[in-house]
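Participant: Got a structure here, written out as C-alpha cells. Questions coming.
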Amino acid sequence: MKGMKILISLISSVLLITSCEKSDDHYYDYQKTNITYDGTVYDYLIHQPGVYDSLVLMLERLPALKSKLNNPQNDVTFFAVNNRSFELAISNLNRTRRSAGLSPLYIEDLNLNVLDTLAYRYIFDQRIDIDGIKNYKDGQTFASSKYDYTMHTQYRVLTSSGIVGGGEQQIVFSDVNESIYKRYWQSTNTKSVDLQVTNGIFHTLSSQHDFGFGKLNKYFSTN
C-alpha cells in the first residue's frame, strides 16, 4: 500500500512538471512567434466574418479611414474593436435614449463628424508594438491619426500558473480625456497583440471594451 502511494505521488509529480513545462513553453513561444498576415489591416478585418462586421460597417461610412487602412504603402498601428464592443456601446446609448423618450440610434445613424473623430482614436501613423513600449514603466502617450488626440499605452504581463510575469502579454489602451490624472482616464485591455500586417501593426481590444470609451452617450444621448 505504501508502495502504491509512492507510485501515485511520482506520477503526479511527473504530470505537474510536464504541465508546467508546457505552460512555460507556450509563454516563450508566444514571445518569440512573429505572427504575420499577408494583407492590409482592412483585408484582415473583412476576412474575419462574424468578428468585425460592425467595424467594417462603420468604415463604409468613413471612406477616407477605410482607404487608409487598406493602403499597403501606409505604416500604421490599429486597435481593432470587435462586434461585441459596438453592441455594448449601442446598447448603453439606447438605454439612455429610451429613458429620455428618444428613438434608438445605430451605427448607420450616427453623425459622421462625431463618428470620424472617435474612430480615428484607434489608429496611429506609426508602429506601436510590445517591444517598443515594454521598457517604459509608466507607459507612453501617442497622438492619434488625423486629430492628434492623445492616447496612452502601457505594457503588462498577466500572471499564469502561479508565475508572476509568466502569462499573456497585453497593452492597456487608454483615452486620457485630455488629463494628466489617471482617475479621469478610461482604459481597456487588448485581447491579442502584434499581428504584423503589410501596412503596420494590428491589435485586438477586449470584447468588454465599449466603443468610443463611453462617449456615444456624451454626444448622442440628448438629440
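Identifiers in the C-alpha cells: chain A, B, ... in order shown; residue index from 1 per chain; ligand index from 1 in order shown.
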Excluding same-chain residues fewer than 6 positions from Ser187 of chain A, what lies within 10 Å of it counting only C-alpha atoms, as a list in words?
Facilitator: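 Here the qualifying residues turn out to be Met151, His152, Thr153, Val172, Phe173, Ser174, Asp175, Val176, His209, Asp210 and Phe213 of chain A.
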Participant: Those residues with all heavy atoms, as a PDB file, in the first residue's frame please?
Facilitator:
ATOM      1  N   MET A 151      -3.612  59.510 -26.721  1.00  0.00           N
ATOM      2  CA  MET A 151      -3.984  58.223 -26.151  1.00  0.00           C
ATOM      3  C   MET A 151      -2.755  57.662 -25.432  1.00  0.00           C
ATOM      4  O   MET A 151      -1.627  58.079 -25.689  1.00  0.00           O
ATOM      5  CB  MET A 151      -4.452  57.261 -27.235  1.00  0.00           C
ATOM      6  CG  MET A 151      -5.649  57.752 -28.051  1.00  0.00           C
ATOM      7  SD  MET A 151      -7.205  57.825 -27.139  1.00  0.00           S
ATOM      8  CE  MET A 151      -7.614  56.073 -27.001  1.00  0.00           C
ATOM      9  N   HIS A 152      -2.992  56.708 -24.544  1.00  0.00           N
ATOM     10  CA  HIS A 152      -1.894  56.168 -23.735  1.00  0.00           C
ATOM     11  C   HIS A 152      -1.839  54.650 -23.852  1.00  0.00           C
ATOM     12  O   HIS A 152      -2.866  53.975 -23.895  1.00  0.00           O
ATOM     13  CB  HIS A 152      -2.112  56.553 -22.270  1.00  0.00           C
ATOM     14  CG  HIS A 152      -0.982  56.181 -21.354  1.00  0.00           C
ATOM     15  ND1 HIS A 152      -0.933  54.966 -20.696  1.00  0.00           N
ATOM     16  CD2 HIS A 152       0.139  56.852 -20.992  1.00  0.00           C
ATOM     17  CE1 HIS A 152       0.169  54.922 -19.961  1.00  0.00           C
ATOM     18  NE2 HIS A 152       0.838  56.045 -20.120  1.00  0.00           N
ATOM     19  N   THR A 153      -0.630  54.113 -23.930  1.00  0.00           N
ATOM     20  CA  THR A 153      -0.437  52.661 -23.979  1.00  0.00           C
ATOM     21  C   THR A 153       0.498  52.254 -22.862  1.00  0.00           C
ATOM     22  O   THR A 153       1.482  52.951 -22.562  1.00  0.00           O
ATOM     23  CB  THR A 153       0.167  52.207 -25.321  1.00  0.00           C
ATOM     24  OG1 THR A 153       1.451  52.815 -25.491  1.00  0.00           O
ATOM     25  CG2 THR A 153      -0.724  52.591 -26.484  1.00  0.00           C
ATOM     26  N   VAL A 172      -2.443  47.951 -22.151  1.00  0.00           N
ATOM     27  CA  VAL A 172      -3.551  48.703 -21.573  1.00  0.00           C
ATOM     28  C   VAL A 172      -3.681  49.972 -22.410  1.00  0.00           C
ATOM     29  O   VAL A 172      -2.759  50.781 -22.469  1.00  0.00           O
ATOM     30  CB  VAL A 172      -3.292  49.049 -20.094  1.00  0.00           C
ATOM     31  CG1 VAL A 172      -4.476  49.818 -19.522  1.00  0.00           C
ATOM     32  CG2 VAL A 172      -3.040  47.783 -19.288  1.00  0.00           C
ATOM     33  N   PHE A 173      -4.817  50.116 -23.061  1.00  0.00           N
ATOM     34  CA  PHE A 173      -5.042  51.201 -24.019  1.00  0.00           C
ATOM     35  C   PHE A 173      -6.015  52.190 -23.393  1.00  0.00           C
ATOM     36  O   PHE A 173      -7.121  51.809 -23.006  1.00  0.00           O
ATOM     37  CB  PHE A 173      -5.609  50.611 -25.305  1.00  0.00           C
ATOM     38  CG  PHE A 173      -5.779  51.577 -26.440  1.00  0.00           C
ATOM     39  CD1 PHE A 173      -4.723  52.360 -26.883  1.00  0.00           C
ATOM     40  CD2 PHE A 173      -7.003  51.674 -27.105  1.00  0.00           C
ATOM     41  CE1 PHE A 173      -4.880  53.239 -27.952  1.00  0.00           C
ATOM     42  CE2 PHE A 173      -7.166  52.540 -28.172  1.00  0.00           C
ATOM     43  CZ  PHE A 173      -6.104  53.321 -28.603  1.00  0.00           C
ATOM     44  N   SER A 174      -5.608  53.460 -23.282  1.00  0.00           N
ATOM     45  CA  SER A 174      -6.402  54.435 -22.530  1.00  0.00           C
ATOM     46  C   SER A 174      -6.677  55.718 -23.299  1.00  0.00           C
ATOM     47  O   SER A 174      -5.805  56.262 -23.973  1.00  0.00           O
ATOM     48  CB  SER A 174      -5.680  54.804 -21.223  1.00  0.00           C
ATOM     49  OG  SER A 174      -5.425  53.667 -20.433  1.00  0.00           O
ATOM     50  N   ASP A 175      -7.913  56.198 -23.123  1.00  0.00           N
ATOM     51  CA  ASP A 175      -8.292  57.545 -23.530  1.00  0.00           C
ATOM     52  C   ASP A 175      -8.044  58.415 -22.310  1.00  0.00           C
ATOM     53  O   ASP A 175      -8.700  58.249 -21.277  1.00  0.00           O
ATOM     54  CB  ASP A 175      -9.776  57.564 -23.918  1.00  0.00           C
ATOM     55  CG  ASP A 175     -10.256  58.935 -24.392  1.00  0.00           C
ATOM     56  OD1 ASP A 175      -9.564  59.943 -24.136  1.00  0.00           O
ATOM     57  OD2 ASP A 175     -11.338  58.999 -25.003  1.00  0.00           O
ATOM     58  N   VAL A 176      -7.104  59.338 -22.397  1.00  0.00           N
ATOM     59  CA  VAL A 176      -6.715  60.120 -21.220  1.00  0.00           C
ATOM     60  C   VAL A 176      -7.663  61.288 -20.963  1.00  0.00           C
ATOM     61  O   VAL A 176      -7.523  61.995 -19.960  1.00  0.00           O
ATOM     62  CB  VAL A 176      -5.263  60.632 -21.337  1.00  0.00           C
ATOM     63  CG1 VAL A 176      -4.309  59.471 -21.577  1.00  0.00           C
ATOM     64  CG2 VAL A 176      -5.123  61.686 -22.433  1.00  0.00           C
ATOM     65  N   HIS A 209     -14.664  46.039 -24.098  1.00  0.00           N
ATOM     66  CA  HIS A 209     -14.484  47.453 -24.420  1.00  0.00           C
ATOM     67  C   HIS A 209     -15.758  48.045 -25.017  1.00  0.00           C
ATOM     68  O   HIS A 209     -16.413  47.430 -25.850  1.00  0.00           O
ATOM     69  CB  HIS A 209     -13.327  47.622 -25.413  1.00  0.00           C
ATOM     70  CG  HIS A 209     -13.175  49.014 -25.914  1.00  0.00           C
ATOM     71  ND1 HIS A 209     -12.964  50.088 -25.088  1.00  0.00           N
ATOM     72  CD2 HIS A 209     -13.228  49.514 -27.188  1.00  0.00           C
ATOM     73  CE1 HIS A 209     -12.874  51.192 -25.814  1.00  0.00           C
ATOM     74  NE2 HIS A 209     -13.036  50.875 -27.083  1.00  0.00           N
ATOM     75  N   ASP A 210     -16.093  49.237 -24.568  1.00  0.00           N
ATOM     76  CA  ASP A 210     -17.250  49.991 -25.060  1.00  0.00           C
ATOM     77  C   ASP A 210     -16.732  50.953 -26.132  1.00  0.00           C
ATOM     78  O   ASP A 210     -16.005  51.903 -25.817  1.00  0.00           O
ATOM     79  CB  ASP A 210     -17.874  50.739 -23.873  1.00  0.00           C
ATOM     80  CG  ASP A 210     -19.128  51.523 -24.229  1.00  0.00           C
ATOM     81  OD1 ASP A 210     -19.243  51.980 -25.389  1.00  0.00           O
ATOM     82  OD2 ASP A 210     -19.970  51.706 -23.349  1.00  0.00           O
ATOM     83  N   PHE A 213     -15.070  54.587 -25.857  1.00  0.00           N
ATOM     84  CA  PHE A 213     -14.768  54.795 -24.444  1.00  0.00           C
ATOM     85  C   PHE A 213     -15.926  55.495 -23.728  1.00  0.00           C
ATOM     86  O   PHE A 213     -15.730  56.406 -22.924  1.00  0.00           O
ATOM     87  CB  PHE A 213     -13.471  55.599 -24.282  1.00  0.00           C
ATOM     88  CG  PHE A 213     -12.238  54.849 -24.708  1.00  0.00           C
ATOM     89  CD1 PHE A 213     -11.804  54.879 -26.030  1.00  0.00           C
ATOM     90  CD2 PHE A 213     -11.511  54.093 -23.797  1.00  0.00           C
ATOM     91  CE1 PHE A 213     -10.661  54.173 -26.427  1.00  0.00           C
ATOM     92  CE2 PHE A 213     -10.369  53.390 -24.188  1.00  0.00           C
ATOM     93  CZ  PHE A 213      -9.954  53.424 -25.501  1.00  0.00           C
TER      94      PHE A 213
END
Participant: Pick out the residues sitting within 10 Å of Asn223 of chain A, and hand them over as a PyMOL selection string; count only C-alpha atoms, and ignore anything fewer than 6 positions along from it in its own chain.
Facilitator: chain A and resi 97+100+102-103
Participant: To one decimal place in Å, what is the distance between atom CA of Thr117 of chain A and atom CA of Tyr37 of chain A?
Facilitator: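 Taking atom CA of Thr117 of chain A as the start and atom CA of Tyr37 of chain A as the end point, the length is 27.8 Å.
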Participant: I'd like the neighbourhood of segment 60-62 of chain A as a VMD selection string, where a residue qualifies if any of its atoms comes within 10 Å (using only C-alpha atoms), though same-chain residues fewer than 3 positions away should be ignored.
Facilitator: chain A and resid 54 to 57 65 to 67 107 to 108 110 112 to 113 115 to 116 119
Participant: Store the residues picked out above, limited to C-alpha atoms, as a CSV table (one decimal), in the first residue's frame.
Facilitator:
chain,number,residue,atom,x,y,z
A,54,SER,CA,-19.8,46.3,-37.2
A,55,LEU,CA,-16.3,47.9,-37.6
A,56,VAL,CA,-16.5,47.2,-41.4
A,57,LEU,CA,-19.9,48.8,-41.5
A,65,LEU,CA,-10.3,55.9,-43.0
A,66,LYS,CA,-11.2,52.7,-44.9
A,67,SER,CA,-8.8,53.8,-47.6
A,107,ILE,CA,-24.1,52.8,-36.4
A,108,GLU,CA,-25.7,53.9,-39.7
A,110,LEU,CA,-24.6,58.3,-36.0
A,112,LEU,CA,-20.4,61.3,-39.4
A,113,ASN,CA,-18.2,64.1,-37.9
A,115,LEU,CA,-18.1,59.0,-35.7
A,116,ASP,CA,-15.0,60.1,-37.6
A,119,ALA,CA,-12.9,56.2,-34.9
Participant: Take atom CA of Ser179 of chain A and atom CA of Thr150 of chain A and report the distance between them in Å, one decimal.
Facilitator: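 Here the two named atoms are 9.4 Å from each other.
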Participant: Within 12 Å of Arg98 of chain A, counting only C-alpha atoms, which residues show up once you throw out same-chain ones fewer than 5 positions away? Write them as a list in words, please.
Facilitator: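 Within the cut-off, the hits are Ile90, Ser91, Asn92, Leu93, Ser103, Pro104, Leu105, Asn217, Phe220, Ser221, Thr222 and Asn223 of chain A.
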Participant: Mind dumping the selected residues with N, CA, C and O atoms as a compact mmCIF listing (two decimals), in the first residue's frame?
Facilitator:
# COMPACT_ATOMS: atom_id res chain seq x y z
N ILE A 90 -23.71 50.66 -28.35
CA ILE A 90 -25.03 51.00 -28.87
C ILE A 90 -26.11 50.67 -27.85
O ILE A 90 -27.08 51.44 -27.66
N SER A 91 -25.97 49.55 -27.15
CA SER A 91 -26.94 49.16 -26.13
C SER A 91 -26.97 50.17 -24.99
O SER A 91 -28.06 50.59 -24.54
N ASN A 92 -25.80 50.60 -24.52
CA ASN A 92 -25.73 51.60 -23.46
C ASN A 92 -26.33 52.92 -23.90
O ASN A 92 -27.06 53.58 -23.14
N LEU A 93 -26.01 53.32 -25.13
CA LEU A 93 -26.56 54.56 -25.66
C LEU A 93 -28.08 54.51 -25.73
O LEU A 93 -28.77 55.43 -25.28
N SER A 103 -35.81 58.01 -29.70
CA SER A 103 -35.76 56.80 -30.51
C SER A 103 -34.33 56.26 -30.56
O SER A 103 -33.36 57.01 -30.39
N PRO A 104 -34.16 54.95 -30.81
CA PRO A 104 -32.82 54.35 -30.81
C PRO A 104 -31.99 54.80 -32.02
O PRO A 104 -32.53 55.21 -33.06
N LEU A 105 -30.67 54.74 -31.85
CA LEU A 105 -29.72 55.03 -32.92
C LEU A 105 -28.81 53.82 -33.11
O LEU A 105 -28.53 53.09 -32.17
N ASN A 217 -22.69 58.13 -25.44
CA ASN A 217 -23.69 58.76 -24.57
C ASN A 217 -23.48 60.27 -24.50
O ASN A 217 -24.45 61.05 -24.49
N PHE A 220 -24.67 61.61 -28.11
CA PHE A 220 -25.94 61.24 -28.76
C PHE A 220 -27.09 60.92 -27.79
O PHE A 220 -28.12 60.42 -28.23
N SER A 221 -26.95 61.25 -26.52
CA SER A 221 -27.99 60.88 -25.57
C SER A 221 -29.11 61.92 -25.42
O SER A 221 -30.11 61.66 -24.77
N THR A 222 -28.94 63.08 -26.05
CA THR A 222 -29.94 64.13 -25.86
C THR A 222 -30.63 64.58 -27.14
O THR A 222 -31.57 65.37 -27.09
N ASN A 223 -30.15 64.12 -28.29
CA ASN A 223 -30.82 64.57 -29.53
C ASN A 223 -30.65 63.52 -30.62
O ASN A 223 -29.96 62.55 -30.45
Participant: Find the residue from A:Leu88, A:Ile171, A:Leu158, A:Val51 that sits nearest to Lys134 of chain A; use only C-alpha atoms when measuring.
Facilitator: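 Checking each of A:Leu88, A:Ile171, A:Leu158, A:Val51 against Lys134 of chain A, counting only C-alpha atoms, the winner is A:Ile171.
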Participant: Point out the residue among A:Lys182, A:Val81, A:Gln169, A:Ser206 with the least atom-to-atom distance to Asp138 of chain A, counting only C-alpha atoms.
Facilitator: A:Lys182
Participant: Skipping near chain neighbours, those fewer than 2 positions away, what residues fall within 10 Å of Lys146 of chain A using only C-alpha atoms, listed as a PyMOL selection string?
Facilitator: chain A and resi 65+116-117+120-121+123-125+143-144+148-149
Participant: May I have the selected residues written with N, CA, C and O atoms, as an mmCIF file, in the first residue's frame?
Facilitator:
data_model
loop_
_atom_site.group_PDB
_atom_site.id
_atom_site.type_symbol
_atom_site.label_atom_id
_atom_site.label_comp_id
_atom_site.auth_asym_id
_atom_site.auth_seq_id
_atom_site.Cartn_x
_atom_site.Cartn_y
_atom_site.Cartn_z
ATOM 1 N N LEU A 65 -10.955 56.775 -43.940
ATOM 2 C CA LEU A 65 -10.327 55.878 -42.973
ATOM 3 C C LEU A 65 -10.205 54.478 -43.547
ATOM 4 O O LEU A 65 -9.166 53.811 -43.385
ATOM 5 N N ASP A 116 -16.316 59.951 -37.041
ATOM 6 C CA ASP A 116 -14.958 60.069 -37.575
ATOM 7 C C ASP A 116 -13.973 60.408 -36.466
ATOM 8 O O ASP A 116 -12.886 59.807 -36.374
ATOM 9 N N THR A 117 -14.343 61.349 -35.604
ATOM 10 C CA THR A 117 -13.474 61.757 -34.504
ATOM 11 C C THR A 117 -13.165 60.591 -33.574
ATOM 12 O O THR A 117 -12.011 60.383 -33.181
ATOM 13 N N TYR A 120 -10.925 57.612 -35.307
ATOM 14 C CA TYR A 120 -9.506 57.878 -35.514
ATOM 15 C C TYR A 120 -8.682 57.769 -34.231
ATOM 16 O O TYR A 120 -7.448 57.799 -34.286
ATOM 17 N N ARG A 121 -9.329 57.626 -33.101
ATOM 18 C CA ARG A 121 -8.585 57.458 -31.854
ATOM 19 C C ARG A 121 -7.991 56.055 -31.723
ATOM 20 O O ARG A 121 -7.209 55.789 -30.818
ATOM 21 N N ILE A 123 -6.344 54.604 -34.327
ATOM 22 C CA ILE A 123 -5.317 54.422 -35.371
ATOM 23 C C ILE A 123 -4.201 55.448 -35.206
ATOM 24 O O ILE A 123 -4.447 56.615 -34.872
ATOM 25 N N PHE A 124 -2.970 54.989 -35.435
ATOM 26 C CA PHE A 124 -1.782 55.823 -35.249
ATOM 27 C C PHE A 124 -0.878 55.698 -36.465
ATOM 28 O O PHE A 124 -0.739 54.615 -37.038
ATOM 29 N N ASP A 125 -0.267 56.802 -36.837
ATOM 30 C CA ASP A 125 0.580 56.817 -38.031
ATOM 31 C C ASP A 125 2.016 56.405 -37.718
ATOM 32 O O ASP A 125 2.983 57.029 -38.166
ATOM 33 N N ALA A 143 0.007 60.373 -30.215
ATOM 34 C CA ALA A 143 -1.013 61.198 -30.859
ATOM 35 C C ALA A 143 -1.711 60.375 -31.928
ATOM 36 O O ALA A 143 -1.061 59.793 -32.797
ATOM 37 N N SER A 144 -3.021 60.316 -31.857
ATOM 38 C CA SER A 144 -3.780 59.537 -32.827
ATOM 39 C C SER A 144 -3.731 60.184 -34.208
ATOM 40 O O SER A 144 -3.403 61.360 -34.353
ATOM 41 N N ASP A 148 -4.713 64.151 -33.892
ATOM 42 C CA ASP A 148 -3.653 64.308 -32.876
ATOM 43 C C ASP A 148 -4.201 64.244 -31.451
ATOM 44 O O ASP A 148 -3.759 64.979 -30.566
ATOM 45 N N TYR A 149 -5.138 63.354 -31.239
ATOM 46 C CA TYR A 149 -5.726 63.196 -29.912
ATOM 47 C C TYR A 149 -4.831 62.269 -29.083
ATOM 48 O O TYR A 149 -4.402 61.216 -29.561
#
Participant: Between A:Leu69, A:Val197, A:Leu118, A:Leu59, single out the one closest to Lys215 of chain A, counting only C-alpha atoms.
Facilitator: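 Using only C-alpha atoms, Lys215 of chain A sits closest to A:Leu118.
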Participant: Would you give me, as JSON, numbers by chain, the residues in chain A that DSSP reads as alpha helix (DSSP H)?
Facilitator: {"A": [2, 3, 4, 5, 6, 7, 8, 9, 10, 11, 12, 13, 14, 15, 16, 17, 18, 19, 20, 21, 22, 23, 24, 25, 26, 27, 28, 29, 30, 31, 32, 41, 42, 43, 44, 45, 46, 53, 54, 55, 56, 57, 58, 59, 60, 61, 63, 64, 65, 66, 67, 68, 69, 70, 83, 84, 85, 86, 87, 88, 89, 90, 91, 92, 93, 94, 95, 96, 97, 98, 99, 112, 113, 114, 115, 116, 117, 118, 119, 130, 131, 132, 133, 215, 216, 217, 218, 219, 220]}
Participant: Find the residues near Gln170 of chain A: any atom within 7 Å, counting only C-alpha atoms, skip ones fewer than 2 places away on the same chain, and give them as a list in words.
Facilitator: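 The contact residues come out as Tyr155, Arg156, Val157, Glu168, Val172, Asn189, Thr190 and Val193 of chain A.
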Participant: Which value, in Å to one decimal, gives the distance between atom CA of His47 of chain A and atom CA of Val114 of chain A?
Facilitator: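 Spanning atom CA of His47 of chain A to atom CA of Val114 of chain A is a straight-line distance of 27.1 Å.
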Participant: I need the strand (DSSP E or B) residues of chain A per DSSP on the backbone, written as number ranges by chain.
Facilitator: A: 36, 76-80, 123-124, 140-143, 150-157, 160, 163, 169-175, 186-197, 200-205
Participant: Write out, as an mmCIF file, in the first residue's frame, the residues just selected, with C-alpha atoms.
Facilitator:
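Dumped to selection-v2.cif:
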data_model
loop_
_atom_site.group_PDB
_atom_site.id
_atom_site.type_symbol
_atom_site.label_atom_id
_atom_site.label_comp_id
_atom_site.auth_asym_id
_atom_site.auth_seq_id
_atom_site.Cartn_x
_atom_site.Cartn_y
_atom_site.Cartn_z
ATOM 1 C CA THR A 36 2.076 37.832 -39.771
ATOM 2 C CA VAL A 76 0.042 52.347 -39.107
ATOM 3 C CA THR A 77 -0.985 50.803 -35.809
ATOM 4 C CA PHE A 78 -4.632 49.885 -35.398
ATOM 5 C CA PHE A 79 -6.502 48.852 -32.261
ATOM 6 C CA ALA A 80 -9.443 46.876 -33.630
ATOM 7 C CA ILE A 123 -5.317 54.422 -35.371
ATOM 8 C CA PHE A 124 -1.782 55.823 -35.249
ATOM 9 C CA GLN A 140 3.747 56.040 -23.368
ATOM 10 C CA THR A 141 1.411 58.570 -24.910
ATOM 11 C CA PHE A 142 0.832 58.744 -28.660
ATOM 12 C CA ALA A 143 -1.013 61.198 -30.859
ATOM 13 C CA THR A 150 -3.612 61.900 -27.018
ATOM 14 C CA MET A 151 -3.984 58.223 -26.151
ATOM 15 C CA HIS A 152 -1.894 56.168 -23.735
ATOM 16 C CA THR A 153 -0.437 52.661 -23.979
ATOM 17 C CA GLN A 154 1.077 50.599 -21.192
ATOM 18 C CA TYR A 155 2.617 47.139 -21.253
ATOM 19 C CA ARG A 156 1.677 44.436 -18.790
ATOM 20 C CA VAL A 157 2.011 40.673 -18.430
ATOM 21 C CA SER A 160 -0.049 32.426 -15.325
ATOM 22 C CA ILE A 163 4.256 32.526 -12.227
ATOM 23 C CA GLN A 169 1.223 39.953 -22.779
ATOM 24 C CA GLN A 170 -1.211 42.851 -23.027
ATOM 25 C CA ILE A 171 -1.396 46.530 -23.819
ATOM 26 C CA VAL A 172 -3.551 48.703 -21.573
ATOM 27 C CA PHE A 173 -5.042 51.201 -24.019
ATOM 28 C CA SER A 174 -6.402 54.435 -22.530
ATOM 29 C CA ASP A 175 -8.292 57.545 -23.530
ATOM 30 C CA GLN A 186 -10.852 55.382 -19.401
ATOM 31 C CA SER A 187 -8.927 52.210 -20.137
ATOM 32 C CA THR A 188 -9.334 48.856 -21.825
ATOM 33 C CA ASN A 189 -7.097 45.859 -22.463
ATOM 34 C CA THR A 190 -6.018 44.095 -25.603
ATOM 35 C CA LYS A 191 -7.172 40.568 -26.329
ATOM 36 C CA SER A 192 -4.328 39.919 -28.775
ATOM 37 C CA VAL A 193 -1.315 41.954 -29.840
ATOM 38 C CA ASP A 194 1.319 42.452 -32.509
ATOM 39 C CA LEU A 195 -0.206 40.907 -35.603
ATOM 40 C CA GLN A 196 2.101 42.082 -38.387
ATOM 41 C CA VAL A 197 0.135 43.118 -41.490
ATOM 42 C CA GLY A 200 1.546 48.015 -39.934
ATOM 43 C CA ILE A 201 0.608 46.526 -36.574
ATOM 44 C CA PHE A 202 -2.786 45.118 -35.619
ATOM 45 C CA HIS A 203 -4.009 44.773 -32.025
ATOM 46 C CA THR A 204 -7.429 43.483 -30.973
ATOM 47 C CA LEU A 205 -9.198 45.040 -27.994
#
Participant: From the set A:Asn94, A:Asp43, A:Tyr219, A:Phe86, which residue has the shortest atom-to-atom contact distance to Asn70 of chain A, counting only C-alpha atoms?
Facilitator: A:Asp43
